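Structure, as structure tokens:
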2 protein chains.
Amino acid sequence: MNNKLPSKTSFKITPLGGLQQIGSNMILVESSSTNVIIDCGILFPTEGHLGINYLIPDLNYISDINIDALIITHGHEDHIGAITHFIDRFPNVPIYTSDFTALLIRKKINELKISKKLNIYKEEHTLSFGNIRVHPVSVNHSIPETFGLFFQDINTNESFFYCSDFKIDESSIYESPFNFEKLVSLRNKASRFYLLPDSTNIISSNLETPSETSLIDSFSDIFSSDYSRIFITTFSSNIWRIKSIIHAATLNNLKIVSYGRSFKSYIAIAVENGLITPDELKSFATEQSIGDINKKHIVLLSGCQADFRSALRRVGGGEDKTYKPNSNDVFVFSSKAIPGNEKNISLLMNKISESGAKIITSSDMPIHVSGHPGRDDLLNLYDKVSPDYIFPIHGESFFLQRHCDFAASHGYKSDWLTNYSSLLLGDGYKIQYLDEDFLHDSIHGKRKVINRDQLRERRKIAERGLIIVSEFKKGFEITTQGIPEVGTFEGENFNTVDELSKSFSRIHEKIFEIVKVELRREVVKLFGYKPEVIFHTYKKASKQEA
Amino acid sequence: MNNKLPSKTSFKITPLGGLQQIGSNMILVESSSTNVIIDCGILFPTEGHLGINYLIPDLNYISDINIDALIITHGHEDHIGAITHFIDRFPNVPIYTSDFTALLIRKKINELKISKKLNIYKEEHTLSFGNIRVHPVSVNHSIPETFGLFFQDINTNESFFYCSDFKIDESSIYESPFNFEKLVSLRNKASRFYLLPDSTNIISSNLETPSETSLIDSFSDIFSSDYSRIFITTFSSNIWRIKSIIHAATLNNLKIVSYGRSFKSYIAIAVENGLITPDELKSFATEQSIGDINKKHIVLLSGCQADFRSALRRVGGGEDKTYKPNSNDVFVFSSKAIPGNEKNISLLMNKISESGAKIITSSDMPIHVSGHPGRDDLLNLYDKVSPDYIFPIHGESFFLQRHCDFAASHGYKSDWLTNYSSLLLGDGYKIQYLDEDFLHDSIHGKRKVINRDQLRERRKIAERGLIIVSEFKKGFEITTQGIPEVGTFEGENFNTVDELSKSFSRIHEKIFEIVKVELRREVVKLFGYKPEVIFHTYKKASKQEA
């Protein structure tokens, strides 16, 4: 597909993820001279995904394209989580990333014992690829060192700004504000300028996202209340949030135990990078060094989405050996539910309530702020850079549609696309839709792809149960999985699976196909639904399935 | 357990459902002379429940109790959905219900060809059981004919008011307002009075639930806009909502097609009961009689929770033969997500957006009101009846805890309980917790119970896949379900399941236990997780599982 762009096309932009559903951000930018990938993230599975670890964009889409670089905007998993899969597939493509993000990527690479050089960029750098220049622009976000990427075609002077995750935090005490000066100066040089902004909060009622710094007072209020233990959860990658908690803990002379692998890992990297200072580190204790485990202290619990096996789920559910919540404790949810996790979080909250402990959520007090822009923040960005066209990204289809409606309501021209469709920029724009079907890969276990047929097999058994029949010379042996057994069929023709088995022995003389038909009929009669049925027979080598 | 209440106990109240999670409302009320059950509902499954149809309270809890009556407050599924299971188990217990609800129950009974008399009560009636009097009090709600139940012990004159689902709708044009006059007059006769109120909206930011009637203007605004088809979804049992839609449709001279089984069924019952008038019926057309299917009209779609196989999911997902949404259409969500359904609903909204059709939700316009009280409504109720104690019901544990906090903040004494714990009322109160474990039954297919072990089997296979091995004299036969097959193991010791199979043949001489150990080890090596493994062997009759 490379180097065959229609004439007058400065850029061809193809999202491989990040649209339709929030997650798995990855965008291919093609130009006449150069092909660059921005980000390489995972999509988190929901309960319906049946045990898989995560989903990644279909890398087959780019298998025939000569990729010049992978540029990473920031270190959230939905932007870097698929990077080892990318390296497996394209070991020679150079990767560009900031310092802090490099440490996060390095950790993934080391765990898999892959060798890979990472190229560090800073805001003052310009990355050059053929006729393309890429200028990183500092933005604010809920993880350190987040950049928007300003792409410039030096032949046409057309430009676009990829700004998938950002907020505008003028009063952060942790990071410099969104670098509008650089952005506006770059924009002013462009003959035509396109904006690709974040849509995460487009339907939020919060029009302006508050500063990360604004939370310290609430934390301090909670820490100075007469709770015994203060269990607090948030997104572990939010180093600013952790620093605010440290700040409020210091003010209240309280120690913090970081509990759970994820917090420990991000804190270690923040310490390595100097984002958490040796002085701040003094606030931490361990569950061993704290002394009386029931005395007042702060416990940072990983797993704010009530993630399976997380510290939050274990402690909140009363299953932890060290921390057993009681009515003197409080759980502080300095986070919000990612869509799909609401039910699991509320089930966990019920368990916490049943322990007697209190719960504080962001509906009660300002203890969480988003990392994404509200509508007024977006308008602020639009007005600063006057885009010729706006193409919303980082959002589900409904969000993208709403984002376009919002842009239009303020007089801006906009349009939206889906994953694996292409946006042709040059003297205006055109959207190309793909006939072929590309779908994300589901990953389970050792970074193995589970295909859709295999997931369909899992789903069928999960929703209907399974009967396994082996035909031996002396008769049939039957095993059931996930369906009622002995004693639950009272009043039916067959009372037990054993009887079912005898019935098959009676018809053993009939040919195999008839057995299958009989089994199906009897099973539907018994259950009202048809479990999956698998047959093995001694007569043949190849397997038969019903 | 019957008739052995501690002395001075007027009532022993044991919820068999309705607490901890919202749904499956069922409460046992025991007194010295009488045992009454209130409601008999189902709990809706979430995606994590793996194919089951619904959950019901554990009826074993009441198997030794002589039940005098089952009294139904209203016709929502979480209050009547388990009634046929109750009739199966306790065929002789008389059931008391209002007219409209009786029609809904009758439909369930007829479908199963069970014969059962239903006793109709009206608000002016008093139900007498031993020393207990039960007075139905009309309340407002999102389904016709909803009652709170005022229980009176004529010996002690202690009383409680069970008010699990209600709202206060003073300006409804459809139903009479909450009968506070009757309630207050009954309360004033009580020596001691306990209140058991609805907790559904305790954490909602909506303090006062608006009137059902308030929506007509919004509907009319939407219907008069220049959309082509107006697809509108809501809870099918909300006859008031349907009447508001009819009202607005008539104002705009538009026809309504009711599409989907659930709407058709509730509308038929409302017509039978006179709640929808012959005049209102004239607004309806069928998809056949409407003529041009693309002309402007209203389509009522069942399945507002994006329920599997519902009309909303089918039409919104572009899978319906008759209605294909396009950019001239609008989808109106006159509903809100029940916790756990958020993700499915947003996935469907994405598909709708991708079709080009617009979406209107209750965040955009007042097109949905709750059927439950906001905090100010609750306070209004408290203040009218001055309860000695408040015991919140109809809510998850977190909600109950919050409801108690709210009551306390207004000077009311309160406490909360869990399912299968008992509240002893009499000269104050006491809560008894049960040592034994009672858990809801999961129902799948023909009203069959799936036990927890069977669900665990389903979950294991769903999350890890399955390998089935049959050992025949000539070797092993292997079938896999839900795990990677040929071609996905590149670079591993075994490239295909066939090779795996050959490996087992090589160790065929070893004893069976060694085969099992080998298989496990190889499989963990291959996948990084352990699928379920089932063995059948020709050597023995009984099955063996690993």
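Naming scheme: A, B, ... for chains in displayed order of the structure tokens; residues 1 onward per chain; ligands 1 onward as shown.
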
> Quick one: residues within 7 Å of Glu208 of chain A, only C-alpha atoms counted, chain neighbours fewer than 5 positions away excluded, as a count of residues only?
Replying inline: 5

> What residues in chain B lie within 7 Å of chain A, counting only C-alpha atoms, written as a PyMOL selection string?
Replying inline: chain B and resi 20+47-48+50-51+339-340+342-343+349-350+353-354+396-398+401+445-446+450+454-455+457-459+461-465+470+472+481-484+527-529+536+538

Let me see the file: selected residues, N, CA and C atoms, as a compact mmCIF listing (two decimals), in the first residue's frame.
```txt
# COMPACT_ATOMS: atom_id res chain seq x y z
N GLN B 20 -28.48 -6.79 49.40
CA GLN B 20 -27.15 -7.10 48.88
C GLN B 20 -27.04 -6.89 47.38
N GLU B 47 -23.60 -10.77 32.63
CA GLU B 47 -22.78 -11.53 31.68
C GLU B 47 -21.96 -12.62 32.40
N GLY B 48 -21.55 -12.34 33.65
CA GLY B 48 -20.76 -13.30 34.40
C GLY B 48 -21.53 -14.54 34.82
N LEU B 50 -23.05 -16.64 32.92
CA LEU B 50 -22.83 -17.73 31.98
C LEU B 50 -24.09 -18.47 31.53
N GLY B 51 -24.95 -17.75 30.87
CA GLY B 51 -26.05 -18.40 30.16
C GLY B 51 -27.28 -18.70 30.97
N PRO B 339 -27.44 -1.49 36.53
CA PRO B 339 -26.01 -1.78 36.71
C PRO B 339 -25.62 -3.17 36.19
N GLY B 340 -24.55 -3.22 35.45
CA GLY B 340 -24.12 -4.47 34.82
C GLY B 340 -24.38 -4.47 33.32
N GLU B 342 -24.27 -1.62 31.40
CA GLU B 342 -23.73 -0.40 30.78
C GLU B 342 -22.94 -0.71 29.51
N LYS B 343 -22.09 -1.72 29.59
CA LYS B 343 -21.20 -2.01 28.46
C LYS B 343 -22.00 -2.46 27.24
N MET B 349 -25.08 1.32 21.30
CA MET B 349 -25.12 2.73 20.88
C MET B 349 -24.07 3.00 19.82
N ASN B 350 -22.91 2.35 19.94
CA ASN B 350 -21.87 2.52 18.93
C ASN B 350 -22.35 2.04 17.57
N SER B 353 -24.73 4.54 16.17
CA SER B 353 -24.01 5.70 15.65
C SER B 353 -23.36 5.37 14.30
N GLU B 354 -22.82 4.15 14.20
CA GLU B 354 -22.16 3.76 12.95
C GLU B 354 -23.15 3.67 11.78
N GLU B 396 -28.60 -2.72 47.31
CA GLU B 396 -27.35 -3.41 47.58
C GLU B 396 -26.83 -2.97 48.95
N SER B 397 -25.93 -3.72 49.52
CA SER B 397 -25.41 -3.42 50.86
C SER B 397 -24.89 -1.99 50.96
N PHE B 398 -24.14 -1.57 49.94
CA PHE B 398 -23.59 -0.21 49.95
C PHE B 398 -24.73 0.82 50.03
N GLN B 401 -26.26 0.79 53.57
CA GLN B 401 -25.40 1.53 54.49
C GLN B 401 -25.59 3.04 54.29
N GLY B 445 -32.75 -22.92 31.36
CA GLY B 445 -33.56 -23.82 30.55
C GLY B 445 -34.93 -24.03 31.15
N LYS B 446 -35.32 -25.26 31.22
CA LYS B 446 -36.68 -25.60 31.68
C LYS B 446 -36.82 -25.44 33.18
N ILE B 450 -29.19 -24.97 38.22
CA ILE B 450 -27.79 -25.29 37.97
C ILE B 450 -27.06 -24.99 39.27
N GLN B 454 -21.59 -26.79 39.08
CA GLN B 454 -21.79 -26.86 37.64
C GLN B 454 -21.45 -25.52 36.97
N LEU B 455 -21.83 -24.44 37.66
CA LEU B 455 -21.47 -23.13 37.12
C LEU B 455 -19.96 -22.94 37.14
N GLU B 457 -17.79 -25.33 36.76
CA GLU B 457 -17.30 -26.08 35.59
C GLU B 457 -17.42 -25.23 34.32
N ARG B 458 -18.58 -24.59 34.15
CA ARG B 458 -18.76 -23.74 32.98
C ARG B 458 -17.71 -22.64 32.95
N ARG B 459 -17.51 -22.00 34.12
CA ARG B 459 -16.58 -20.88 34.16
C ARG B 459 -15.15 -21.32 33.84
N ILE B 461 -14.08 -23.82 32.02
CA ILE B 461 -13.90 -24.07 30.58
C ILE B 461 -13.94 -22.76 29.81
N ALA B 462 -14.86 -21.87 30.23
CA ALA B 462 -14.98 -20.59 29.52
C ALA B 462 -13.70 -19.79 29.61
N GLU B 463 -13.02 -19.87 30.74
CA GLU B 463 -11.85 -19.03 30.93
C GLU B 463 -10.54 -19.72 30.57
N ARG B 464 -10.57 -21.05 30.35
CA ARG B 464 -9.32 -21.75 30.08
C ARG B 464 -9.39 -22.72 28.93
N GLY B 465 -10.57 -22.97 28.40
CA GLY B 465 -10.68 -23.97 27.35
C GLY B 465 -10.63 -25.37 27.92
N SER B 470 -9.66 -39.38 24.94
CA SER B 470 -10.19 -40.73 25.08
C SER B 470 -9.07 -41.71 24.80
N PHE B 472 -8.17 -45.19 23.68
CA PHE B 472 -8.64 -46.42 23.06
C PHE B 472 -7.48 -47.40 23.04
N GLN B 481 -11.35 -27.70 22.87
CA GLN B 481 -12.42 -26.71 22.77
C GLN B 481 -11.91 -25.41 23.37
N GLY B 482 -11.96 -24.36 22.59
CA GLY B 482 -11.65 -23.04 23.13
C GLY B 482 -10.19 -22.78 23.42
N ILE B 483 -9.29 -23.53 22.75
CA ILE B 483 -7.86 -23.24 22.88
C ILE B 483 -7.22 -23.23 21.49
N PRO B 484 -6.04 -22.63 21.36
CA PRO B 484 -5.43 -22.51 20.03
C PRO B 484 -5.19 -23.87 19.39
N PHE B 527 0.55 -23.25 26.61
CA PHE B 527 -0.42 -22.16 26.65
C PHE B 527 -0.14 -21.13 27.74
N GLY B 528 0.55 -21.52 28.77
CA GLY B 528 0.72 -20.62 29.89
C GLY B 528 -0.47 -20.64 30.83
N TYR B 529 -1.46 -21.45 30.54
CA TYR B 529 -2.58 -21.66 31.47
C TYR B 529 -3.06 -23.08 31.28
N HIS B 536 -11.31 -40.14 29.23
CA HIS B 536 -12.12 -41.36 29.18
C HIS B 536 -11.18 -42.49 28.81
N TYR B 538 -10.74 -46.77 27.94
CA TYR B 538 -11.42 -48.03 27.61
C TYR B 538 -11.27 -49.05 28.73
```

> Taking the backbone alone, and naming residues the way the document does, which bits of segment 103-171 of chain A are strand (DSSP E or B) by DSSP, as a ChimeraX atom specification?
Replying inline: /A:118-120,127-129,132-140,146-153,158-163,167

Next, dump the selected residues to file, keeping only C-alpha atoms, as a PDB file, in the first residue's frame.
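See result_5.pdb below for the written result:
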```pdb
ATOM      1  CA  LEU A 118      14.547   2.511  22.655  1.00  0.00           C
ATOM      2  CA  ASN A 119      15.140   5.990  21.257  1.00  0.00           C
ATOM      3  CA  ILE A 120      14.413   8.751  23.741  1.00  0.00           C
ATOM      4  CA  LEU A 127      11.796  13.758  14.698  1.00  0.00           C
ATOM      5  CA  SER A 128      12.511  13.698  10.961  1.00  0.00           C
ATOM      6  CA  PHE A 129      11.337  10.976   8.590  1.00  0.00           C
ATOM      7  CA  ILE A 132       7.695  14.466   7.590  1.00  0.00           C
ATOM      8  CA  ARG A 133       8.598  16.290  10.786  1.00  0.00           C
ATOM      9  CA  VAL A 134       7.108  15.229  14.097  1.00  0.00           C
ATOM     10  CA  HIS A 135       7.134  17.758  16.956  1.00  0.00           C
ATOM     11  CA  PRO A 136       6.243  16.474  20.428  1.00  0.00           C
ATOM     12  CA  VAL A 137       4.051  18.934  22.368  1.00  0.00           C
ATOM     13  CA  SER A 138       3.791  18.563  26.171  1.00  0.00           C
ATOM     14  CA  VAL A 139       0.219  18.121  27.393  1.00  0.00           C
ATOM     15  CA  ASN A 140      -1.219  17.347  30.828  1.00  0.00           C
ATOM     16  CA  THR A 146       2.406  12.740  27.918  1.00  0.00           C
ATOM     17  CA  PHE A 147       2.809  14.310  24.491  1.00  0.00           C
ATOM     18  CA  GLY A 148       0.605  15.329  21.624  1.00  0.00           C
ATOM     19  CA  LEU A 149       2.329  14.825  18.270  1.00  0.00           C
ATOM     20  CA  PHE A 150       2.371  17.592  15.682  1.00  0.00           C
ATOM     21  CA  PHE A 151       2.931  16.164  12.186  1.00  0.00           C
ATOM     22  CA  GLN A 152       4.200  18.428   9.442  1.00  0.00           C
ATOM     23  CA  ASP A 153       4.603  17.659   5.733  1.00  0.00           C
ATOM     24  CA  GLU A 158      -0.094  20.653   5.711  1.00  0.00           C
ATOM     25  CA  SER A 159      -0.105  19.587   9.352  1.00  0.00           C
ATOM     26  CA  PHE A 160      -2.128  17.675  11.878  1.00  0.00           C
ATOM     27  CA  PHE A 161      -2.011  17.430  15.646  1.00  0.00           C
ATOM     28  CA  TYR A 162      -2.610  14.013  17.184  1.00  0.00           C
ATOM     29  CA  CYS A 163      -3.801  14.628  20.719  1.00  0.00           C
ATOM     30  CA  LYS A 167      -6.199  17.558  29.843  1.00  0.00           C
TER      31      LYS A 167
END
```

> What lies within 9 Å of segment 275-282 of chain A using only C-alpha atoms, ignoring chain neighbours under 3 positions off, as a list of chain:residue names?
Replying inline: A:Phe100, A:Pro144, A:Tyr174, A:Ile239, A:Trp240, A:Ile242, A:Lys243, A:Ile246, A:His247, A:Thr250, A:Lys255, A:Ile267, A:Ala268, A:Ile269, A:Ala270, A:Val271, A:Glu272, A:Ala285

Those selected residues, please, written with C-alpha atoms and delivered as a CSV table (one decimal), in the first residue's frame.
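File part_10.csv, as written:
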```
chain,number,residue,atom,x,y,z
A,100,PHE,CA,9.5,7.7,31.9
A,144,PRO,CA,3.8,11.7,33.6
A,174,TYR,CA,3.7,18.4,39.3
A,239,ILE,CA,2.1,9.2,39.8
A,240,TRP,CA,0.6,12.7,40.4
A,242,ILE,CA,0.3,9.1,44.5
A,243,LYS,CA,2.3,12.3,45.1
A,246,ILE,CA,2.0,11.4,49.9
A,247,HIS,CA,1.6,15.2,50.3
A,250,THR,CA,2.9,14.0,55.3
A,255,LYS,CA,2.6,6.4,57.0
A,267,ILE,CA,6.3,3.6,42.3
A,268,ALA,CA,9.7,1.9,41.8
A,269,ILE,CA,9.8,3.3,38.2
A,270,ALA,CA,8.8,6.8,39.4
A,271,VAL,CA,11.6,6.6,42.0
A,272,GLU,CA,14.1,5.5,39.4
A,285,ALA,CA,6.3,1.8,55.3
```

> Which residue out of B:Ile202, B:Ile222, B:Glu30, B:Lys4 has the minimum interatomic distance to Asp405 of chain B when only C-alpha atoms are used?
Replying inline: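 Once distances to Asp405 of chain B are computed over only C-alpha atoms, the minimum belongs to B:Ile202.
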
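In this structure, atom CA of Gly291 of chain A sits 25.6 Å away from atom CA of Arg309 of chain A.
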
> For Tyr227 of chain A, which residue out of A:Phe263, A:Tyr382, A:Tyr61, A:Phe331 is the nearest one, using only C-alpha atoms?
Replying inline: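 Ranking A:Phe263, A:Tyr382, A:Tyr61, A:Phe331 by distance to Tyr227 of chain A, first place goes to A:Phe331.
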
> So which one's closest to Ile367 of chain A, A:Thr84, A:Ser244, A:Thr14, A:Asn66? Using only C-alpha atoms, please.
Replying inline: A:Ser244

>> Considering only helix (DSSP H, G or I) as DSSP defines it on the backbone, what residues of segment 78-305 of chain A qualify? List them as a PyMOL selection string.
In response: chain A and resi 78-80+83-89+99-111+180-188+212-224+239-251+261-272+278-281
